[in-house]
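**Student:** The following block contains the structure, expressed as structure tokens.
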Amino acid sequence: MISPIMVEILQGEHWGSDAKIFRPERFLDENGKLKFDEHLVPFSVGKRRCLGETLAKIELFQFFSGIMQNFTILPEDPDNLPSEEYIMGVTITPKPFKCILSPRK
């Protein structure tokens with residue numbers, strides 16, 4: 001069985017010199033709508049595309065927006081940010097890291 005390592009496909013020079021900086025606007029058009037980019041394929045493509053993509057996107061949006069509305073997320077050590085290294089397995093898992101969730105006021 002041949003299975004692409006999606007994390008390696010999603011990383012690359014296509015994103016420019018600031019690829020490691022969180023800039024969600026790079027995925028939006030001038031009207032604020034999500035724009036298609038052939039380099040962004042987190043759910044794969046073609047007949048191997050994830051059947052649960054729609055449900056996964058809804059669940060991720062609800063979870064992430066709930067966290068962002070209620071907390072400020074800070075690194076435990078601002079001088080030592082988490083790396084982009086990962087642990088290979090059935091799924092890709094980030095290496096353990098610690099952060100601080102401060103309730104928003």
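Identifiers for the structure tokens are assigned positionally: chains receive A, B, ... in sequence, residues are indexed from 1 per chain, and ligands are indexed from 1 in the order shown.
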Considering only helix (DSSP H, G or I) as DSSP defines it on the backbone, what residues of chain A qualify? List them as a PyMOL selection string.
**Tutor:** chain A and resi 6-10+13-15+24-27+46-48+53-70
**Student:** Find the spatial neighbours of Leu81 (chain A), counting only C-alpha atoms, within a cut-off of 12 Å - ignore same-chain residues fewer than 2 positions away - and output them as a list in words.
**Tutor:**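 Once the nearby chain positions are removed, what remains is Lys20, Leu74, Pro75, Glu76, Asp77, Pro78, Asp79, Ser83, Glu84, Glu85, Lys95, Pro96, Phe97, Lys98 and Cys99 of chain A.
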**Student:** Please, could you write that set of residues out with C-alpha atoms as an mmCIF file, in the first residue's frame?
**Tutor:**
```cif
data_model
loop_
_atom_site.group_PDB
_atom_site.id
_atom_site.type_symbol
_atom_site.label_atom_id
_atom_site.label_comp_id
_atom_site.auth_asym_id
_atom_site.auth_seq_id
_atom_site.Cartn_x
_atom_site.Cartn_y
_atom_site.Cartn_z
ATOM 1 C CA LYS A 20 6.196 29.145 9.758
ATOM 2 C CA LEU A 74 0.410 31.406 25.394
ATOM 3 C CA PRO A 75 3.563 29.279 25.295
ATOM 4 C CA GLU A 76 4.815 28.081 28.653
ATOM 5 C CA ASP A 77 8.253 29.468 27.764
ATOM 6 C CA PRO A 78 8.079 32.344 25.211
ATOM 7 C CA ASP A 79 11.768 31.829 24.339
ATOM 8 C CA SER A 83 8.852 22.702 17.165
ATOM 9 C CA GLU A 84 7.156 21.452 14.020
ATOM 10 C CA GLU A 85 8.604 17.995 14.600
ATOM 11 C CA LYS A 95 5.679 16.129 19.860
ATOM 12 C CA PRO A 96 4.461 16.945 23.390
ATOM 13 C CA PHE A 97 4.565 20.611 24.417
ATOM 14 C CA LYS A 98 3.086 22.751 27.155
ATOM 15 C CA CYS A 99 1.036 25.915 26.827
#
```
**Student:** Rounded to one decimal, what separation in Å do you get between CA of Pro94 (chain A) and CA of Lys57 (chain A)?
**Tutor:**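 Taking CA of Pro94 (chain A) as the start and CA of Lys57 (chain A) as the end point, the length is 19.3 Å.
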**Student:** Between A:Phe63, A:Leu40, A:Thr72, A:Ile87, which has the minimum distance to Arg26 (chain A) (counting only C-alpha atoms)?
**Tutor:**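 The answer is A:Leu40, which sits nearest to Arg26 (chain A).
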**Student:** Using backbone DSSP assignments, extract all strand (DSSP E or B) residues from chain A; output them as a list in words.
**Tutor:** Leu28, Leu34, Phe71, Thr72, Ile73, Leu74, Pro75, Tyr86, Ile87, Thr93, Pro94, Cys99, Ile100, Leu101, Ser102 and Pro103 of chain A
**Student:** For the residues in the current selection, export C-alpha atoms as a compact mmCIF listing (two decimals), in the first residue's frame.
**Tutor:**
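Generated output (part_28.txt):
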```
# COMPACT_ATOMS: atom_id res chain seq x y z
CA LEU A 28 -8.58 34.16 1.95
CA LEU A 34 -11.67 30.75 1.44
CA PHE A 71 -9.00 31.59 26.24
CA THR A 72 -5.77 33.31 25.31
CA ILE A 73 -3.18 30.68 24.37
CA LEU A 74 0.41 31.41 25.39
CA PRO A 75 3.56 29.28 25.29
CA TYR A 86 6.10 15.18 14.73
CA ILE A 87 5.72 11.52 15.65
CA THR A 93 1.06 13.52 16.18
CA PRO A 94 2.93 16.64 17.33
CA CYS A 99 1.04 25.91 26.83
CA ILE A 100 -0.96 28.21 29.08
CA LEU A 101 -4.69 28.76 28.57
CA SER A 102 -5.63 32.03 30.25
CA PRO A 103 -9.36 32.80 30.52
```
**Student:** For each of A:Ile92, A:Cys50, A:Asn70, A:His14, take the minimum atom-to-atom distance to Glu38 (chain A), counting only C-alpha atoms, then give the residue where this is smallest.
**Tutor:** A:His14
**Student:** What does the structure give for the distance between CA of Ser44 (chain A) and CA of Gln69 (chain A), in Å to one decimal?
**Tutor:**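 Interatomic distance here is 29.5 Å.
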**Student:** So how many Å separate CA of Lys47 (chain A) and CA of Phe61 (chain A), to one decimal?
**Tutor:**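 If I compute the distance from CA of Lys47 (chain A) to CA of Phe61 (chain A), I get 24.7 Å.
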**Student:** Nearest to Arg104 (chain A): which of A:Val90, A:Met68, A:Leu55, A:Leu60 is it, counting only C-alpha atoms?
**Tutor:** A:Met68
